[in-house]
Amino acid sequence: MRLGWMAGLALALGVGAVDVQAQGARPGPNDYTKDETWLCRPGRSGDACDVDLRATVIRPNGAYALEPFTRDPNAGIDCFYVYPTASADTTPNSDMVPGPEEIGTVARQVARFGSVCRIFAPVYRQITIPALRAATAGNPMATDRELAYGDVRDAWRDYLRRDNGGRGVVLIGHSQGAGVLKRLIQEEIDGKPDQARIVSALLIGTNVLVPAGRDVGGDFKSMPLCRSNGQTGCVMSYVSFRAATPPPANSRFGRTTQAGMQVACTNPARLGGGKAVMDSVFGATSMHPTALPPKPWVNPMRPIETRYVKVPGLISGECLSDAAGTRLGVSVNADPADPRTDEITGDHMANGQIQPDWGLHSLDMPVAMGDLIARVRDQARAWRTRRGERG
C-alpha cells in the first residue's frame, strides 16, 4: 500500500507515471449546494474540521505543557482547501463519500487554519490510491483527471456564488490538491477579476515553476511568490527534503527539465530568505500513513494525551538551491544533552526502505504548520487593512 500511495502521488502530479483518460461517458457534475459535498463548511459541528486540535508542547528540558486551540468563528477571510491523494476507494476515481482517509487528512492539514479563516473543503472525485498502485504495477486503470479538476472548479464557482460575498480567500492544497489548485489558478484566477479576492495561495508539495532568479512568471503570469509577511495576492510553495539529503537525480520534486525555470521555494518561517526555526506541529503517534511512527519524543517516554505535538526550537528550515534542485531543507537542532528526541521520522517508505526521491513529502505541511498559519494571519490583516476593513 505504501508503494502505491507514493506512486499514486506521482501520477496525480503528472510527474513520471502513466495517465489513462477515462473511457465512456463521464459522470455528471456534482451539486455543491448540497451540504454533503463538503468536508468542511463554516458553522457546522462534527464535520472533518471540528476535531480536537490541542497540542502537547514538549520543552527542551522534557517538560510537557498543554496548548489549547481556539477557532475564530468570526474570521475575516476564508480558506478554500483541496486535499492530497488520500482515497482508498477501489475505483479509478473516488466517489463522493469521504472515507476515514480523507477525513483524517483534512484534520491533519487544514483544520488548524480555523484559527484565522473560515474553512471550505469540498469533496472531489480524485484519483485514488488503488488506481495509482495499478499504474505503478503496469496495469493502469482508466483514471479521469478532468473529473477531479472539474469537481474542484465547480466547488470553487459555487463558493464564489454563494459564500464569498467579497471576502478575501486563501487557496490551500498539498500534493494532488496543490496540483489541481495550480490549474484552477491558471484557468480561473490568474489575470482575471477573481484574482483581486486572493489573499494568498499555499501550493505545498508540488512543483511551481518560476524563471530562475525571479518571483513571477512561469506557471503564473501575474501572481508572484510571497517574499514578505505583509505581501498579499502571492504564492507560498515549497517541497521539503532533509537539508543533508538533497533531491536525487530521479526526484519527483524540486527539479525541472524546463530550460530557464526552477522550482519555487518560499520558507514560511522567513519569507525573505535564510535559515529559521520552524513552528512545526507533528502527530503525536503518527507522522503520516506512509511514514514510520515518530521516535519517542522524550527519554524516558511519558504518555501524551493529545493528538498533536509541538517541539519548540527543534526544527529549522531554509530554502536551498543548487545543482540538485530547489527545496526547503529541513534540519533537526539536536542536543544530545537534553531528554528530547534528536531525530524525526517522516521519510517516505516502500517495502521497508526510505525513498530518497520523495524527501519529506509527508511532512510538507506539518513541518511548517504554525508558520503557514502565522503568515496567513499576517496576510489577512494586510489584505483587510488595504480594503479599509477592521481586524
# chains A, B, ... in the order shown; residues from 1 in each chain; ligands from 1

$ residues_around --residues "Phe113 in chain A" --least-positions-apart "6" --cutoff "10 Å" --atoms "only C-alpha atoms" --output "list in words"
Cys49, Arg71, Asp72, Asp78, Cys79, Ile119, Ile172, Met369, Gly370, Leu372, Ile373, Ala374, Val376 and Arg377 of chain A

$ select_by_dssp --residues "range 58-307 of chain A" --states "helix (DSSP H, G or I)" --output "number ranges by chain"
A: 100-109, 111-115, 129-136, 145-164, 176-189, 193-197

$ closest_residue --among "A:Thr290, A:Thr341, A:Asn229, A:Thr56" --to "Val309 in chain A" --atoms "only C-alpha atoms"
A:Thr56

$ closest_residue --among "A:Leu132, A:Ala25, A:Val235, A:Met287" --to "Arg375 in chain A" --atoms "only C-alpha atoms"
A:Val235

$ closest_residue --among "A:Ala324, A:Ala249, A:Val210, A:Ala75" --to "Gly168 in chain A" --atoms "only C-alpha atoms"
A:Ala75

$ residues_around --residues "Ala323 in chain A" --least-positions-apart "3" --cutoff "10 Å" --atoms "only C-alpha atoms" --output "list in words"
Pro246, Pro247, Ala249, Arg255 and Thr326 of chain A

$ write_last_selection --atoms "N, CA and C atoms" --output "mmCIF file, in the first residue's frame"
data_model
loop_
_atom_site.group_PDB
_atom_site.id
_atom_site.type_symbol
_atom_site.label_atom_id
_atom_site.label_comp_id
_atom_site.auth_asym_id
_atom_site.auth_seq_id
_atom_site.Cartn_x
_atom_site.Cartn_y
_atom_site.Cartn_z
ATOM 1 N N PRO A 246 19.833 16.068 -0.361
ATOM 2 C CA PRO A 246 19.179 16.800 -1.442
ATOM 3 C C PRO A 246 18.432 15.867 -2.388
ATOM 4 N N PRO A 247 17.568 16.419 -3.227
ATOM 5 C CA PRO A 247 16.837 15.583 -4.182
ATOM 6 C C PRO A 247 17.784 14.814 -5.099
ATOM 7 N N ALA A 249 18.776 12.485 -8.512
ATOM 8 C CA ALA A 249 18.531 12.771 -9.929
ATOM 9 C C ALA A 249 17.147 12.338 -10.379
ATOM 10 N N ARG A 255 12.985 19.521 -8.848
ATOM 11 C CA ARG A 255 13.789 19.568 -10.062
ATOM 12 C C ARG A 255 12.879 19.763 -11.268
ATOM 13 N N THR A 326 15.801 22.829 -6.124
ATOM 14 C CA THR A 326 15.394 23.834 -5.153
ATOM 15 C C THR A 326 14.387 23.223 -4.202
#

$ closest_residue --among "A:Cys265, A:Asp35, A:His361, A:Ala63" --to "Arg302 in chain A" --atoms "only C-alpha atoms"
A:Ala63

$ select_by_dssp --residues "range 259-322 of chain A" --states "strand (DSSP E)" --output "VMD selection string"
chain A and resid 261 to 263 276 to 277 282 to 283 308 to 310 315 to 322

$ residues_around --residues "Phe120 in chain A" --least-positions-apart "4" --cutoff "6 Å" --atoms "only C-alpha atoms" --output "PDB file with N, CA and C atoms, in the first residue's frame"
ATOM      1  N   CYS A  40     -15.735  20.318   4.978  1.00  0.00           N
ATOM      2  CA  CYS A  40     -15.766  21.405   5.966  1.00  0.00           C
ATOM      3  C   CYS A  40     -16.513  22.586   5.376  1.00  0.00           C
ATOM      4  N   ARG A  41     -17.381  23.144   6.187  1.00  0.00           N
ATOM      5  CA  ARG A  41     -18.047  24.412   5.906  1.00  0.00           C
ATOM      6  C   ARG A  41     -18.212  25.155   7.228  1.00  0.00           C
ATOM      7  N   PHE A  80      -9.968  28.077   1.156  1.00  0.00           N
ATOM      8  CA  PHE A  80     -10.524  27.068   0.254  1.00  0.00           C
ATOM      9  C   PHE A  80      -9.447  26.002   0.078  1.00  0.00           C
TER      10      PHE A  80
END

$ atom_distance --atom1 "CA of Arg381 in chain A" --atom2 "CA of Pro73 in chain A"
16.1 Å

$ residues_around --residues "Thr345 in chain A" --least-positions-apart "5" --cutoff "8 Å" --atoms "only C-alpha atoms" --output "mmCIF file with N, CA and C atoms, in the first residue's frame"
data_model
loop_
_atom_site.group_PDB
_atom_site.id
_atom_site.type_symbol
_atom_site.label_atom_id
_atom_site.label_comp_id
_atom_site.auth_asym_id
_atom_site.auth_seq_id
_atom_site.Cartn_x
_atom_site.Cartn_y
_atom_site.Cartn_z
ATOM 1 N N MET A 287 3.128 10.134 12.151
ATOM 2 C CA MET A 287 3.562 11.258 11.330
ATOM 3 C C MET A 287 2.736 11.351 10.051
ATOM 4 N N ALA A 291 4.610 6.979 6.484
ATOM 5 C CA ALA A 291 5.887 7.178 7.165
ATOM 6 C C ALA A 291 5.971 6.328 8.422
ATOM 7 N N LEU A 292 7.190 6.123 8.881
ATOM 8 C CA LEU A 292 7.380 5.441 10.149
ATOM 9 C C LEU A 292 6.773 6.268 11.279
ATOM 10 N N PRO A 293 6.315 5.632 12.353
ATOM 11 C CA PRO A 293 5.844 6.401 13.509
ATOM 12 C C PRO A 293 6.997 7.174 14.125
ATOM 13 N N PRO A 294 6.686 8.227 14.874
ATOM 14 C CA PRO A 294 7.764 9.032 15.447
ATOM 15 C C PRO A 294 8.579 8.278 16.473
ATOM 16 N N LYS A 295 9.807 8.699 16.632
ATOM 17 C CA LYS A 295 10.648 8.202 17.720
ATOM 18 C C LYS A 295 10.041 8.678 19.049
#

$ closest_residue --among "A:Lys310, A:Arg327, A:Arg26, A:Arg108" --to "His174 in chain A" --atoms "only C-alpha atoms"
A:Arg108

$ decode --residues "range 126-162 of chain A" --atoms "C-alpha atoms" --output "PDB file, in the first residue's frame"
ATOM      1  CA  GLN A 126      -9.800  12.450  -7.041  1.00  0.00           C
ATOM      2  CA  ILE A 127      -7.552   9.762  -8.490  1.00  0.00           C
ATOM      3  CA  THR A 128      -7.418   7.017  -5.877  1.00  0.00           C
ATOM      4  CA  ILE A 129      -4.594   5.136  -4.221  1.00  0.00           C
ATOM      5  CA  PRO A 130      -5.592   1.746  -5.752  1.00  0.00           C
ATOM      6  CA  ALA A 131      -5.700   3.242  -9.252  1.00  0.00           C
ATOM      7  CA  LEU A 132      -2.255   4.630  -8.775  1.00  0.00           C
ATOM      8  CA  ARG A 133      -0.943   1.337  -7.428  1.00  0.00           C
ATOM      9  CA  ALA A 134      -2.271  -0.321 -10.570  1.00  0.00           C
ATOM     10  CA  ALA A 135      -0.476   2.192 -12.769  1.00  0.00           C
ATOM     11  CA  THR A 136       2.795   1.512 -10.965  1.00  0.00           C
ATOM     12  CA  ALA A 137       2.322  -2.224 -11.444  1.00  0.00           C
ATOM     13  CA  GLY A 138       1.894  -1.724 -15.196  1.00  0.00           C
ATOM     14  CA  ASN A 139      -1.864  -2.336 -15.211  1.00  0.00           C
ATOM     15  CA  PRO A 140      -3.271   1.197 -15.310  1.00  0.00           C
ATOM     16  CA  MET A 141      -6.950   1.851 -14.743  1.00  0.00           C
ATOM     17  CA  ALA A 142      -8.854   4.418 -16.780  1.00  0.00           C
ATOM     18  CA  THR A 143      -8.365   7.383 -14.481  1.00  0.00           C
ATOM     19  CA  ASP A 144     -10.012  10.713 -15.231  1.00  0.00           C
ATOM     20  CA  ARG A 145      -8.107  13.837 -14.230  1.00  0.00           C
ATOM     21  CA  GLU A 146     -10.746  16.059 -15.800  1.00  0.00           C
ATOM     22  CA  LEU A 147     -13.376  14.672 -13.453  1.00  0.00           C
ATOM     23  CA  ALA A 148     -11.258  15.561 -10.422  1.00  0.00           C
ATOM     24  CA  TYR A 149     -10.415  19.021 -11.707  1.00  0.00           C
ATOM     25  CA  GLY A 150     -13.989  19.708 -12.786  1.00  0.00           C
ATOM     26  CA  ASP A 151     -15.245  18.952  -9.290  1.00  0.00           C
ATOM     27  CA  VAL A 152     -12.853  21.412  -7.674  1.00  0.00           C
ATOM     28  CA  ARG A 153     -13.623  24.060 -10.282  1.00  0.00           C
ATOM     29  CA  ASP A 154     -17.370  23.602  -9.723  1.00  0.00           C
ATOM     30  CA  ALA A 155     -16.925  23.783  -5.942  1.00  0.00           C
ATOM     31  CA  TRP A 156     -14.882  26.965  -6.326  1.00  0.00           C
ATOM     32  CA  ARG A 157     -17.549  28.564  -8.502  1.00  0.00           C
ATOM     33  CA  ASP A 158     -20.230  27.541  -6.025  1.00  0.00           C
ATOM     34  CA  TYR A 159     -18.223  29.034  -3.173  1.00  0.00           C
ATOM     35  CA  LEU A 160     -17.837  32.315  -5.053  1.00  0.00           C
ATOM     36  CA  ARG A 161     -21.524  32.421  -5.898  1.00  0.00           C
ATOM     37  CA  ARG A 162     -22.995  31.506  -2.514  1.00  0.00           C
TER      38      ARG A 162
END
